[in-house]
$ cat run_36.txt   # compact mmCIF, C-alpha atoms
# COMPACT_ATOMS: atom_id res chain seq x y z
CA MET Z 675 30.30 60.89 81.55
CA ARG Z 676 30.96 58.11 79.11
CA VAL Z 677 33.83 57.41 76.73
CA ARG Z 678 32.27 56.74 73.35
CA VAL Z 679 33.41 55.35 70.04
CA ASP Z 680 31.48 55.48 66.77
CA LEU Z 681 33.05 53.90 63.71
CA ASN Z 682 32.01 53.04 60.18
CA ILE Z 683 33.24 49.54 59.32
CA SER Z 684 32.65 47.01 56.58
CA LEU Z 685 30.96 43.65 57.10
CA ASP Z 686 34.40 42.09 57.31
CA GLY Z 687 35.48 44.50 60.03
CA PHE Z 688 37.63 47.00 58.18
CA ALA Z 689 37.65 50.71 58.95
CA THR Z 690 40.08 51.61 56.27
CA THR Z 691 41.47 54.57 54.45
CA GLU Z 692 43.71 52.53 52.16
CA GLY Z 693 43.82 53.05 48.44
CA GLY Z 694 43.94 56.82 48.58
CA THR Z 695 45.32 58.97 45.78
CA PRO Z 696 46.41 62.63 45.77
CA ASP Z 697 43.04 63.55 44.23
CA ASN Z 698 41.05 61.33 46.56
CA PRO Z 699 43.17 60.98 49.70
CA MET Z 700 40.67 58.92 51.68
CA GLY Z 701 40.26 56.46 48.82
CA GLU Z 702 37.26 54.84 47.18
CA ASP Z 703 36.88 52.41 50.08
CA TRP Z 704 36.25 55.30 52.40
CA ASN Z 705 33.51 56.68 50.19
CA ARG Z 706 31.74 53.32 50.03
CA LEU Z 707 32.16 52.77 53.76
CA THR Z 708 30.68 56.10 54.76
CA ALA Z 709 28.12 56.62 51.96
CA ALA Z 710 25.02 56.03 54.11
CA TYR Z 711 26.38 58.26 56.90
CA VAL Z 712 27.40 61.06 54.56
CA ALA Z 713 23.91 60.94 53.00
CA THR Z 714 22.18 61.83 56.28
CA ARG Z 715 20.70 65.23 56.84
CA THR Z 716 22.69 65.61 60.07
CA PHE Z 717 26.03 64.90 58.40
CA ARG Z 718 25.27 67.26 55.51
CA GLU Z 719 24.37 70.03 57.89
CA ARG Z 720 27.10 69.48 60.44
CA VAL Z 721 30.03 68.63 58.18
CA PHE Z 722 29.13 70.23 54.84
CA HIS Z 723 27.24 73.20 56.37
CA ASP Z 724 24.35 72.35 54.05
CA THR Z 725 21.31 73.92 55.67
CA SER Z 726 18.93 73.08 52.83
CA GLY Z 727 17.38 70.28 54.88
CA LYS Z 728 18.31 67.69 52.26
CA GLY Z 729 19.56 64.28 53.28
CA THR Z 730 18.13 61.07 54.71
CA THR Z 731 16.13 61.23 57.91
CA GLY Z 732 15.75 57.59 58.93
CA VAL Z 733 17.67 55.31 61.27
CA ASP Z 734 21.09 56.36 59.96
CA ASP Z 735 20.26 60.02 60.62
CA ARG Z 736 19.18 59.21 64.16
CA TYR Z 737 22.62 57.69 64.80
CA ALA Z 738 24.29 60.64 63.06
CA ALA Z 739 22.49 63.06 65.38
CA ALA Z 740 23.44 60.97 68.41
CA TYR Z 741 27.02 61.06 67.19
CA PHE Z 742 27.24 64.78 67.82
CA ASP Z 743 25.04 64.86 70.91
CA ALA Z 744 26.49 65.54 74.38
CA ILE Z 745 30.15 65.30 73.37
CA GLY Z 746 32.48 67.56 75.37
CA ALA Z 747 35.86 66.59 73.94
CA GLU Z 748 37.29 64.44 71.16
CA ILE Z 749 40.45 62.34 70.84
CA MET Z 750 41.86 61.26 67.51
CA GLY Z 751 44.96 59.66 66.04
CA ALA Z 752 47.42 61.42 63.77
CA GLY Z 753 46.11 59.49 60.78
CA MET Z 754 42.54 60.63 61.25
CA PHE Z 755 43.73 64.23 61.48
CA GLY Z 756 45.56 63.73 58.18
CA PHE Z 757 49.21 63.90 59.25
CA HIS Z 758 49.97 60.65 57.39
CA ASN Z 759 48.59 62.06 54.16
CA PHE Z 760 50.15 65.52 54.51
CA PRO Z 761 53.30 64.95 56.54
CA ASP Z 762 55.19 67.94 55.13
CA ASP Z 763 52.57 70.67 55.35
CA PRO Z 764 53.22 72.83 58.43
CA ASP Z 765 49.87 74.59 57.94
CA TRP Z 766 47.72 71.45 57.72
CA LYS Z 767 44.61 71.91 59.86
CA GLY Z 768 42.73 68.67 59.21
CA TRP Z 769 40.17 67.61 56.62
CA TRP Z 770 37.27 69.67 57.84
CA GLY Z 771 37.77 73.21 56.58
CA ASP Z 772 37.72 76.39 58.66
CA GLU Z 773 34.74 75.33 60.75
CA PRO Z 774 35.13 71.65 61.72
CA PRO Z 775 32.07 69.72 62.91
CA PHE Z 776 33.46 68.89 66.36
CA ARG Z 777 32.86 72.27 68.10
CA VAL Z 778 34.78 71.05 71.16
CA PRO Z 779 38.44 70.62 72.13
CA VAL Z 780 40.06 67.90 70.00
CA PHE Z 781 43.19 66.11 71.21
CA VAL Z 782 45.29 64.86 68.30
CA LEU Z 783 47.76 62.15 69.26
CA THR Z 784 51.03 62.84 67.47
CA HIS Z 785 54.73 63.07 68.13
CA ARG Z 786 54.80 66.34 66.19
CA LYS Z 787 55.19 69.52 68.21
CA ARG Z 788 52.45 71.88 67.12
CA ASP Z 789 50.81 74.81 68.78
CA SER Z 790 47.12 74.46 69.44
CA ILE Z 791 44.89 75.74 66.63
CA GLU Z 792 41.65 77.52 67.38
CA MET Z 793 39.14 77.02 64.55
CA LYS Z 794 35.79 78.61 63.89
CA GLY Z 795 32.72 77.24 65.66
CA GLY Z 796 34.28 76.03 68.89
CA THR Z 797 36.78 73.46 67.71
CA THR Z 798 40.33 73.74 69.07
CA PHE Z 799 42.95 71.23 68.00
CA HIS Z 800 45.54 70.32 70.64
CA PHE Z 801 48.54 68.18 69.74
CA LEU Z 802 50.19 65.83 72.19
CA SER Z 803 51.98 62.54 72.56
CA ALA Z 804 50.47 60.56 75.41
CA ALA Z 805 49.21 57.11 76.37
CA PRO Z 806 45.45 56.48 76.11
CA GLN Z 807 44.80 56.82 79.86
CA ALA Z 808 46.74 60.10 80.07
CA VAL Z 809 45.09 61.84 77.13
CA LEU Z 810 41.72 60.58 78.32
CA GLU Z 811 42.23 62.28 81.68
CA GLN Z 812 42.91 65.58 79.93
CA ALA Z 813 39.86 65.15 77.69
CA ILE Z 814 37.58 64.33 80.61
CA GLU Z 815 38.85 67.42 82.42
CA VAL Z 816 37.88 69.79 79.60
CA ALA Z 817 34.65 67.96 78.69
CA GLY Z 818 32.91 69.43 81.73
CA GLY Z 819 30.86 66.36 82.52
CA LYS Z 820 29.91 65.63 78.93
CA ASP Z 821 31.01 62.52 77.03
CA VAL Z 822 34.42 62.07 75.48
CA ARG Z 823 34.66 60.53 72.05
CA VAL Z 824 37.57 58.54 70.72
CA GLY Z 825 36.98 59.41 67.09
CA GLY Z 826 39.45 57.20 65.26
CA GLY Z 827 41.10 55.94 63.29
CA ALA Z 828 40.76 52.25 63.83
CA SER Z 829 44.16 51.68 65.43
CA THR Z 830 43.64 54.50 67.93
CA VAL Z 831 40.21 53.11 68.75
CA ARG Z 832 41.67 49.63 69.20
CA ASP Z 833 44.23 51.00 71.68
CA PHE Z 834 41.42 52.44 73.81
CA LEU Z 835 39.23 49.34 73.50
CA LYS Z 836 42.05 47.03 74.51
CA ALA Z 837 42.88 49.25 77.47
CA GLY Z 838 39.28 48.88 78.68
CA LEU Z 839 38.68 52.63 78.50
CA VAL Z 840 35.57 52.68 76.30
CA ASP Z 841 32.05 52.70 77.76
CA GLN Z 842 30.08 52.63 74.53
CA LEU Z 843 31.12 51.32 71.12
CA HIS Z 844 28.80 51.94 68.19
CA VAL Z 845 29.69 50.50 64.80
CA ALA Z 846 27.78 51.30 61.63
CA ILE Z 847 28.40 48.25 59.48
CA ALA Z 848 28.18 48.80 55.72
CA PRO Z 849 27.21 45.56 53.96
CA ILE Z 850 30.33 45.50 51.81
CA LEU Z 851 33.53 43.46 51.99
CA LEU Z 852 36.67 45.58 51.88
CA GLY Z 853 39.15 42.82 52.60
CA ARG Z 854 41.99 45.17 53.50
CA GLY Z 855 43.00 47.82 56.00
CA ILE Z 856 42.92 47.72 59.78
CA ASN Z 857 40.44 45.19 61.15
CA LEU Z 858 38.66 46.63 64.17
CA TRP Z 859 37.86 43.17 65.54
CA ASN Z 860 41.37 41.77 65.41
CA ALA Z 861 42.10 39.97 68.70
CA LEU Z 862 39.08 41.29 70.60
CA ARG Z 863 37.76 37.82 71.49
CA GLY Z 864 35.28 38.07 74.36
CA PHE Z 865 35.22 41.89 74.32
CA GLU Z 866 31.41 41.82 74.39
CA GLY Z 867 31.37 40.17 77.80
CA ASP Z 868 31.21 43.44 79.74
CA PHE Z 869 28.64 45.06 77.48
CA LYS Z 870 24.98 45.01 76.62
CA ILE Z 871 24.62 44.70 72.86
CA THR Z 872 21.86 46.08 70.70
CA THR Z 873 21.48 45.67 66.95
CA GLU Z 874 19.37 47.67 64.54
CA THR Z 875 19.06 47.78 60.75
CA ALA Z 876 18.73 51.01 58.77
CA GLU Z 877 16.84 51.60 55.55
CA SER Z 878 20.20 51.89 53.78
CA GLY Z 879 21.15 48.33 54.73
CA THR Z 880 23.61 49.62 57.30
CA VAL Z 881 23.62 47.52 60.48
CA HIS Z 882 24.08 49.50 63.69
CA VAL Z 883 25.56 47.51 66.56
CA THR Z 884 26.02 49.18 69.94
CA PHE Z 885 28.02 47.79 72.86
CA ALA Z 886 27.12 49.67 76.04
CA ARG Z 887 28.79 49.00 79.35
CA SER Z 888 26.12 47.61 81.64
CA MET A 1455 17.43 26.15 41.07
CA ARG A 1456 19.77 28.11 43.24
CA VAL A 1457 22.90 27.16 45.14
CA ARG A 1458 22.43 28.40 48.67
CA VAL A 1459 24.60 28.86 51.72
CA ASP A 1460 23.39 29.61 55.25
CA LEU A 1461 25.99 30.04 57.98
CA ASN A 1462 26.08 31.16 61.58
CA ILE A 1463 29.02 33.49 62.10
CA SER A 1464 30.23 35.84 64.80
CA LEU A 1465 30.43 39.62 64.40
CA ASP A 1466 34.11 39.21 63.63
CA GLY A 1467 33.39 36.69 60.86
CA PHE A 1468 34.21 33.38 62.49
CA ALA A 1469 32.22 30.22 61.88
CA THR A 1470 34.21 28.12 64.22
CA THR A 1471 34.13 24.79 65.96
CA GLU A 1472 37.42 25.32 67.78
CA GLY A 1473 37.79 24.69 71.48
CA GLY A 1474 35.96 21.36 71.46
CA THR A 1475 36.44 18.72 74.13
CA PRO A 1476 35.49 15.01 74.11
CA ASP A 1477 32.41 15.88 76.18
CA ASN A 1478 31.53 18.90 74.08
CA PRO A 1479 33.05 18.25 70.65
CA MET A 1480 31.66 21.37 68.96
CA GLY A 1481 33.00 23.58 71.75
CA GLU A 1482 31.52 26.42 73.73
CA ASP A 1483 32.01 28.82 70.83
CA TRP A 1484 29.66 26.73 68.73
CA ASN A 1485 26.96 26.86 71.39
CA ARG A 1486 27.21 30.63 71.65
CA LEU A 1487 27.29 31.05 67.89
CA THR A 1488 24.17 28.98 67.26
CA ALA A 1489 22.16 29.73 70.43
CA ALA A 1490 19.52 31.90 68.74
CA TYR A 1491 19.11 29.42 65.88
CA VAL A 1492 18.90 26.38 68.16
CA ALA A 1493 16.25 28.21 70.21
CA THR A 1494 13.84 28.46 67.26
CA ARG A 1495 10.76 26.31 67.06
CA THR A 1496 11.78 25.10 63.60
CA PHE A 1497 15.21 23.96 64.72
CA ARG A 1498 13.80 22.19 67.78
CA GLU A 1499 11.26 20.38 65.67
CA ARG A 1500 13.46 19.56 62.73
CA VAL A 1501 16.72 18.69 64.49
CA PHE A 1502 15.64 17.65 68.00
CA HIS A 1503 12.29 16.12 66.90
CA ASP A 1504 10.63 18.24 69.58
CA THR A 1505 7.01 18.51 68.48
CA SER A 1506 5.85 20.33 71.60
CA GLY A 1507 5.64 23.62 69.70
CA LYS A 1508 8.15 25.24 72.05
CA GLY A 1509 10.80 27.57 70.72
CA THR A 1510 11.03 31.11 69.39
CA THR A 1511 8.78 32.12 66.51
CA GLY A 1512 10.16 35.48 65.43
CA VAL A 1513 12.59 36.57 62.75
CA ASP A 1514 15.15 33.86 63.57
CA ASP A 1515 12.49 31.18 63.19
CA ARG A 1516 11.47 32.56 59.81
CA TYR A 1517 15.05 32.14 58.61
CA ALA A 1518 15.22 28.67 60.19
CA ALA A 1519 12.11 27.61 58.28
CA ALA A 1520 13.52 29.05 55.05
CA TYR A 1521 16.69 27.10 55.73
CA PHE A 1522 14.90 23.81 55.23
CA ASP A 1523 12.54 25.00 52.51
CA ALA A 1524 12.91 23.84 48.89
CA ILE A 1525 16.27 22.12 49.33
CA GLY A 1526 16.79 19.07 47.11
CA ALA A 1527 20.37 18.12 47.98
CA GLU A 1528 23.08 19.12 50.41
CA ILE A 1529 26.86 19.30 50.19
CA MET A 1530 29.11 19.39 53.24
CA GLY A 1531 32.76 19.13 54.15
CA ALA A 1532 34.31 16.27 56.10
CA GLY A 1533 34.63 18.49 59.18
CA MET A 1534 30.95 19.34 59.28
CA PHE A 1535 30.10 15.65 59.04
CA GLY A 1536 32.39 15.01 62.02
CA PHE A 1537 35.24 13.07 60.43
CA HIS A 1538 37.83 15.40 62.01
CA ASN A 1539 36.40 14.77 65.47
CA PHE A 1540 35.92 11.02 65.04
CA PRO A 1541 38.59 9.98 62.56
CA ASP A 1542 38.86 6.38 63.81
CA ASP A 1543 35.21 5.39 64.09
CA PRO A 1544 34.20 3.34 61.02
CA ASP A 1545 30.55 3.50 62.10
CA TRP A 1546 30.36 7.28 62.47
CA LYS A 1547 27.17 8.55 60.84
CA GLY A 1548 27.30 12.26 61.62
CA TRP A 1549 26.07 14.38 64.52
CA TRP A 1550 22.37 14.14 63.82
CA GLY A 1551 21.18 10.78 65.13
CA ASP A 1552 19.21 8.16 63.21
CA GLU A 1553 16.93 10.68 61.54
CA PRO A 1554 18.96 13.68 60.38
CA PRO A 1555 17.20 16.93 59.57
CA PHE A 1556 18.28 17.06 55.91
CA ARG A 1557 15.77 14.55 54.42
CA VAL A 1558 17.58 14.74 51.06
CA PRO A 1559 20.76 13.28 49.55
CA VAL A 1560 23.83 14.69 51.31
CA PHE A 1561 27.22 14.69 49.57
CA VAL A 1562 30.06 14.58 52.10
CA LEU A 1563 33.41 15.70 50.67
CA THR A 1564 36.09 13.35 51.99
CA HIS A 1565 39.03 11.32 50.79
CA ARG A 1566 37.70 8.38 52.82
CA LYS A 1567 36.11 5.53 50.90
CA ARG A 1568 32.75 4.87 52.51
CA ASP A 1569 29.60 3.23 51.23
CA SER A 1570 26.55 5.46 51.12
CA ILE A 1571 24.42 5.38 54.27
CA GLU A 1572 20.66 5.55 54.08
CA MET A 1573 19.22 7.13 57.22
CA LYS A 1574 15.66 7.45 58.43
CA GLY A 1575 13.51 10.26 57.08
CA GLY A 1576 14.95 10.59 53.60
CA THR A 1577 18.58 11.52 54.30
CA THR A 1578 21.23 9.51 52.44
CA PHE A 1579 24.90 10.29 53.00
CA HIS A 1580 27.15 9.86 49.98
CA PHE A 1581 30.93 10.13 50.34
CA LEU A 1582 33.14 11.40 47.59
CA SER A 1583 36.29 13.32 46.79
CA ALA A 1584 35.62 15.91 44.12
CA ALA A 1585 36.14 19.55 43.21
CA PRO A 1586 33.32 22.00 43.99
CA GLN A 1587 32.04 22.19 40.41
CA ALA A 1588 31.97 18.39 40.04
CA VAL A 1589 30.13 17.62 43.27
CA LEU A 1590 27.74 20.47 42.54
CA GLU A 1591 26.81 18.89 39.20
CA GLN A 1592 25.96 15.63 40.98
CA ALA A 1593 23.94 17.46 43.62
CA ILE A 1594 21.98 19.46 41.03
CA GLU A 1595 21.22 16.23 39.19
CA VAL A 1596 19.61 14.56 42.22
CA ALA A 1597 17.95 17.76 43.52
CA GLY A 1598 15.28 17.52 40.83
CA GLY A 1599 14.97 21.23 40.22
CA LYS A 1600 15.07 22.18 43.89
CA ASP A 1601 17.85 24.22 45.48
CA VAL A 1602 21.21 22.81 46.48
CA ARG A 1603 22.72 23.87 49.76
CA VAL A 1604 26.38 24.04 50.57
CA GLY A 1605 25.99 23.43 54.29
CA GLY A 1606 29.48 23.99 55.62
CA GLY A 1607 31.85 24.13 57.26
CA ALA A 1608 33.33 27.51 56.65
CA SER A 1609 36.27 26.34 54.55
CA THR A 1610 34.02 24.28 52.26
CA VAL A 1611 31.71 27.27 51.90
CA ARG A 1612 34.65 29.51 51.09
CA ASP A 1613 35.76 27.14 48.33
CA PHE A 1614 32.33 27.43 46.70
CA LEU A 1615 32.10 31.18 47.21
CA LYS A 1616 35.51 31.79 45.70
CA ALA A 1617 34.64 29.56 42.74
CA GLY A 1618 31.61 31.79 42.07
CA LEU A 1619 29.21 28.86 42.48
CA VAL A 1620 26.88 30.31 45.12
CA ASP A 1621 23.66 32.16 44.19
CA GLN A 1622 22.50 33.09 47.68
CA LEU A 1623 24.57 33.53 50.84
CA HIS A 1624 22.73 34.07 54.10
CA VAL A 1625 24.71 34.71 57.26
CA ALA A 1626 23.16 34.86 60.71
CA ILE A 1627 25.57 37.08 62.63
CA ALA A 1628 25.66 36.57 66.39
CA PRO A 1629 26.74 39.78 68.15
CA ILE A 1630 29.73 38.14 69.80
CA LEU A 1631 33.45 38.26 69.07
CA LEU A 1632 35.07 34.83 68.80
CA GLY A 1633 38.46 35.97 67.59
CA ARG A 1634 39.54 32.53 66.37
CA GLY A 1635 38.70 29.85 63.88
CA ILE A 1636 38.10 30.13 60.15
CA ASN A 1637 37.08 33.60 59.06
CA LEU A 1638 34.39 33.43 56.39
CA TRP A 1639 35.28 36.86 55.04
CA ASN A 1640 38.98 36.26 54.57
CA ALA A 1641 40.03 37.56 51.15
CA LEU A 1642 36.52 38.05 49.76
CA ARG A 1643 37.05 41.73 48.92
CA GLY A 1644 34.38 42.92 46.49
CA PHE A 1645 32.39 39.66 46.67
CA GLU A 1646 29.18 41.66 47.18
CA GLY A 1647 29.48 43.28 43.75
CA ASP A 1648 27.40 40.61 42.00
CA PHE A 1649 24.72 40.44 44.67
CA LYS A 1650 21.78 42.33 46.06
CA ILE A 1651 22.19 42.62 49.82
CA THR A 1652 19.45 42.75 52.42
CA THR A 1653 19.90 43.13 56.17
CA GLU A 1654 17.45 42.39 58.96
CA THR A 1655 17.70 42.29 62.73
CA ALA A 1656 16.07 39.61 64.86
CA GLU A 1657 14.65 39.93 68.37
CA SER A 1658 17.62 37.89 69.63
CA GLY A 1659 20.09 40.51 68.40
CA THR A 1660 21.14 38.25 65.54
CA VAL A 1661 21.72 40.17 62.32
CA HIS A 1662 20.65 38.38 59.16
CA VAL A 1663 22.49 39.45 56.01
CA THR A 1664 21.53 37.93 52.67
CA PHE A 1665 23.50 38.22 49.44
CA ALA A 1666 21.29 37.19 46.50
CA ARG A 1667 22.57 37.08 42.95
CA SER A 1668 20.69 39.71 41.03

$ encode --input "run_36.txt" --output "structure tokens"
Amino acid sequence: MRVRVDLNISLDGFATTEGGTPDNPMGEDWNRLTAAYVATRTFRERVFHDTSGKGTTGVDDRYAAAYFDAIGAEIMGAGMFGFHNFPDDPDWKGWWGDEPPFRVPVFVLTHRKRDSIEMKGGTTFHFLSAAPQAVLEQAIEVAGGKDVRVGGGASTVRDFLKAGLVDQLHVAIAPILLGRGINLWNALRGFEGDFKITTETAESGTVHVTFARS
Amino acid sequence: MRVRVDLNISLDGFATTEGGTPDNPMGEDWNRLTAAYVATRTFRERVFHDTSGKGTTGVDDRYAAAYFDAIGAEIMGAGMFGFHNFPDDPDWKGWWGDEPPFRVPVFVLTHRKRDSIEMKGGTTFHFLSAAPQAVLEQAIEVAGGKDVRVGGGASTVRDFLKAGLVDQLHVAIAPILLGRGINLWNALRGFEGDFKITTETAESGTVHVTFARS
């Protein structure tokens, strides 16, 4: 069992959703940041339910497939779930439609009191307010020996990284400079010391860097 | 003729010389940041005058060789020359010994009045106080059609980048997190818009990213 993080960040370290509008709540930055990932065959199939077989099949797709492999539970912040964008909608069920791509229990960190929501395809959203260590214990319990992912956003991920709770951090670095948002690397000097680092370049220009606890 | 920049930076964007001591003026961070570059056969030959043929010969060495190729003049800040570390030494001639690796005219940006210094091997240090555009004009003039490099440090490079004077920016990203110093990427949002970007990974784990004006 490992605790895993996979994030899309810019070359200058930002994993941002700033600049959103009502029509485009994630913002243009988000589209540019995730373009190579969204283009993969795995993402199209898993998130868009596009079974046409279209999409890229190179290095980025290999990481996309690994993203969904062997995960038994997911943890995410309120922002990633969408509570910051839709604070007043009592029926908000996340960005991912009726059949979200997770297919496992998802623990959403929020101070809101919400009943759990069972979605199609195996995803159940649970809502709780808890420290990283405490929610992680719950996630490990339900993951049944599989990995637990801390999905995002960046500030939630940073909380888990700084608490030393992450075993594998994979960042897909888009070669663009966003210059704003939450910087994943802020005050993580020396973080790499406990990890083995591998780097790999995709056809898209995306740079995949993986920190794995050795 | 192109204006070129090549910098070693950390994954979090720092191109630092902080943490220096009298015995180790560039600091441990500098050693970690430049380890893969210093290990190349080209660097050993060109900077250390080691003609034994030792050193790495892979992707990093290819970039090291390109570093010295077709450069006709160099521009550097006072800090890169060493004036901040040795402010009171009137005989200071830089970090590079009697025969520096540049072998071309080098324009050192400083408010100090110093006579030019002719070194062995073709390097001449000129000292001047001028704005980026003005020193660049002088450097282009003496470069005789070859490229001009803005060598560093990071703040000097940033001045040239922000003034739109750089045609090719190559960064060698060491997969370490320094968390302090001058961040190359600070406030460069959208910089990549005018450039074609290529990414490549070296055997050392160093990620080479090149922005070339298209």

$ residues_around --input "run_36.txt" --residues "region 725-731 of chain Z" --least-positions-apart "4" --cutoff "10 Å" --atoms "all atoms listed in the file" --output "PDB file with C-alpha atoms, in the frame of the given file"
ATOM      1  CA  ALA Z 710      25.020  56.030  54.110  1.00  0.00           C
ATOM      2  CA  TYR Z 711      26.380  58.260  56.900  1.00  0.00           C
ATOM      3  CA  VAL Z 712      27.400  61.060  54.560  1.00  0.00           C
ATOM      4  CA  ALA Z 713      23.910  60.940  53.000  1.00  0.00           C
ATOM      5  CA  THR Z 714      22.180  61.830  56.280  1.00  0.00           C
ATOM      6  CA  ARG Z 715      20.700  65.230  56.840  1.00  0.00           C
ATOM      7  CA  THR Z 716      22.690  65.610  60.070  1.00  0.00           C
ATOM      8  CA  PHE Z 717      26.030  64.900  58.400  1.00  0.00           C
ATOM      9  CA  ARG Z 718      25.270  67.260  55.510  1.00  0.00           C
ATOM     10  CA  GLU Z 719      24.370  70.030  57.890  1.00  0.00           C
ATOM     11  CA  ARG Z 720      27.100  69.480  60.440  1.00  0.00           C
ATOM     12  CA  ASP Z 735      20.260  60.020  60.620  1.00  0.00           C
ATOM     13  CA  ARG Z 736      19.180  59.210  64.160  1.00  0.00           C
ATOM     14  CA  ALA Z 738      24.290  60.640  63.060  1.00  0.00           C
ATOM     15  CA  ALA Z 739      22.490  63.060  65.380  1.00  0.00           C
ATOM     16  CA  GLU Z 877      16.840  51.600  55.550  1.00  0.00           C
ATOM     17  CA  SER Z 878      20.200  51.890  53.780  1.00  0.00           C
TER      18      SER Z 878
END

$ residues_near_point --input "run_36.txt" --point "(48.9, 68.0, 60.0)" --cutoff "12 Å" --atoms "only C-alpha atoms" --output "PyMOL selection string"
chain Z and resi 751-770+782-791+799-801

$ write_last_selection --input "run_36.txt" --atoms "C-alpha atoms" --output "compact mmCIF listing (two decimals), in the frame of the given file"
# COMPACT_ATOMS: atom_id res chain seq x y z
CA GLY Z 751 44.96 59.66 66.04
CA ALA Z 752 47.42 61.42 63.77
CA GLY Z 753 46.11 59.49 60.78
CA MET Z 754 42.54 60.63 61.25
CA PHE Z 755 43.73 64.23 61.48
CA GLY Z 756 45.56 63.73 58.18
CA PHE Z 757 49.21 63.90 59.25
CA HIS Z 758 49.97 60.65 57.39
CA ASN Z 759 48.59 62.06 54.16
CA PHE Z 760 50.15 65.52 54.51
CA PRO Z 761 53.30 64.95 56.54
CA ASP Z 762 55.19 67.94 55.13
CA ASP Z 763 52.57 70.67 55.35
CA PRO Z 764 53.22 72.83 58.43
CA ASP Z 765 49.87 74.59 57.94
CA TRP Z 766 47.72 71.45 57.72
CA LYS Z 767 44.61 71.91 59.86
CA GLY Z 768 42.73 68.67 59.21
CA TRP Z 769 40.17 67.61 56.62
CA TRP Z 770 37.27 69.67 57.84
CA VAL Z 782 45.29 64.86 68.30
CA LEU Z 783 47.76 62.15 69.26
CA THR Z 784 51.03 62.84 67.47
CA HIS Z 785 54.73 63.07 68.13
CA ARG Z 786 54.80 66.34 66.19
CA LYS Z 787 55.19 69.52 68.21
CA ARG Z 788 52.45 71.88 67.12
CA ASP Z 789 50.81 74.81 68.78
CA SER Z 790 47.12 74.46 69.44
CA ILE Z 791 44.89 75.74 66.63
CA PHE Z 799 42.95 71.23 68.00
CA HIS Z 800 45.54 70.32 70.64
CA PHE Z 801 48.54 68.18 69.74

$ interface_residues --input "run_36.txt" --of "chain A" --to "chain Z" --cutoff "12 Å" --atoms "all atoms listed in the file" --output "MDAnalysis selection string"
chainID A and resid 1463:1468 1483 1486 1625 1627:1635 1637:1665

$ residues_around --input "run_36.txt" --residues "region 1599-1601 of chain A" --least-positions-apart "2" --cutoff "10 Å" --atoms "all atoms listed in the file" --output "mmCIF file with C-alpha atoms, keeping the file's coordinate frame"
data_model
loop_
_atom_site.group_PDB
_atom_site.id
_atom_site.type_symbol
_atom_site.label_atom_id
_atom_site.label_comp_id
_atom_site.auth_asym_id
_atom_site.auth_seq_id
_atom_site.Cartn_x
_atom_site.Cartn_y
_atom_site.Cartn_z
ATOM 1 C CA MET A 1455 17.430 26.150 41.070
ATOM 2 C CA ARG A 1456 19.770 28.110 43.240
ATOM 3 C CA VAL A 1457 22.900 27.160 45.140
ATOM 4 C CA ARG A 1458 22.430 28.400 48.670
ATOM 5 C CA ASP A 1523 12.540 25.000 52.510
ATOM 6 C CA ALA A 1524 12.910 23.840 48.890
ATOM 7 C CA ILE A 1525 16.270 22.120 49.330
ATOM 8 C CA GLY A 1526 16.790 19.070 47.110
ATOM 9 C CA ALA A 1527 20.370 18.120 47.980
ATOM 10 C CA GLU A 1528 23.080 19.120 50.410
ATOM 11 C CA ALA A 1593 23.940 17.460 43.620
ATOM 12 C CA ILE A 1594 21.980 19.460 41.030
ATOM 13 C CA GLU A 1595 21.220 16.230 39.190
ATOM 14 C CA VAL A 1596 19.610 14.560 42.220
ATOM 15 C CA ALA A 1597 17.950 17.760 43.520
ATOM 16 C CA ARG A 1603 22.720 23.870 49.760
ATOM 17 C CA VAL A 1604 26.380 24.040 50.570
ATOM 18 C CA ASP A 1621 23.660 32.160 44.190
#

$ residues_near_point --input "run_36.txt" --point "(31.2, 72.0, 66.5)" --cutoff "6 Å" --atoms "only C-alpha atoms" --output "PDB file with C-alpha atoms, in the frame of the given file"
ATOM      1  CA  PRO Z 775      32.070  69.720  62.910  1.00  0.00           C
ATOM      2  CA  PHE Z 776      33.460  68.890  66.360  1.00  0.00           C
ATOM      3  CA  ARG Z 777      32.860  72.270  68.100  1.00  0.00           C
ATOM      4  CA  VAL Z 778      34.780  71.050  71.160  1.00  0.00           C
ATOM      5  CA  GLY Z 795      32.720  77.240  65.660  1.00  0.00           C
ATOM      6  CA  GLY Z 796      34.280  76.030  68.890  1.00  0.00           C
ATOM      7  CA  THR Z 797      36.780  73.460  67.710  1.00  0.00           C
TER       8      THR Z 797
END

$ build_atoms --input "run_36.txt" --residues "region 726-730 of chain Z" --atoms "N, CA and C atoms" --output "mmCIF file, in the coordinates of the input"
data_model
loop_
_atom_site.group_PDB
_atom_site.id
_atom_site.type_symbol
_atom_site.label_atom_id
_atom_site.label_comp_id
_atom_site.auth_asym_id
_atom_site.auth_seq_id
_atom_site.Cartn_x
_atom_site.Cartn_y
_atom_site.Cartn_z
ATOM 1 N N SER Z 726 20.106 73.172 53.698
ATOM 2 C CA SER Z 726 18.930 73.080 52.830
ATOM 3 C C SER Z 726 17.900 72.091 53.377
ATOM 4 N N GLY Z 727 18.301 71.284 54.362
ATOM 5 C CA GLY Z 727 17.380 70.280 54.880
ATOM 6 C C GLY Z 727 17.369 68.998 54.081
ATOM 7 N N LYS Z 728 18.207 68.926 53.050
ATOM 8 C CA LYS Z 728 18.310 67.690 52.260
ATOM 9 C C LYS Z 728 19.051 66.623 53.056
ATOM 10 N N GLY Z 729 18.871 65.385 52.619
ATOM 11 C CA GLY Z 729 19.560 64.280 53.280
ATOM 12 C C GLY Z 729 18.559 63.310 53.869
ATOM 13 N N THR Z 730 19.017 62.110 54.174
ATOM 14 C CA THR Z 730 18.130 61.070 54.710
ATOM 15 C C THR Z 730 17.793 61.368 56.165
#
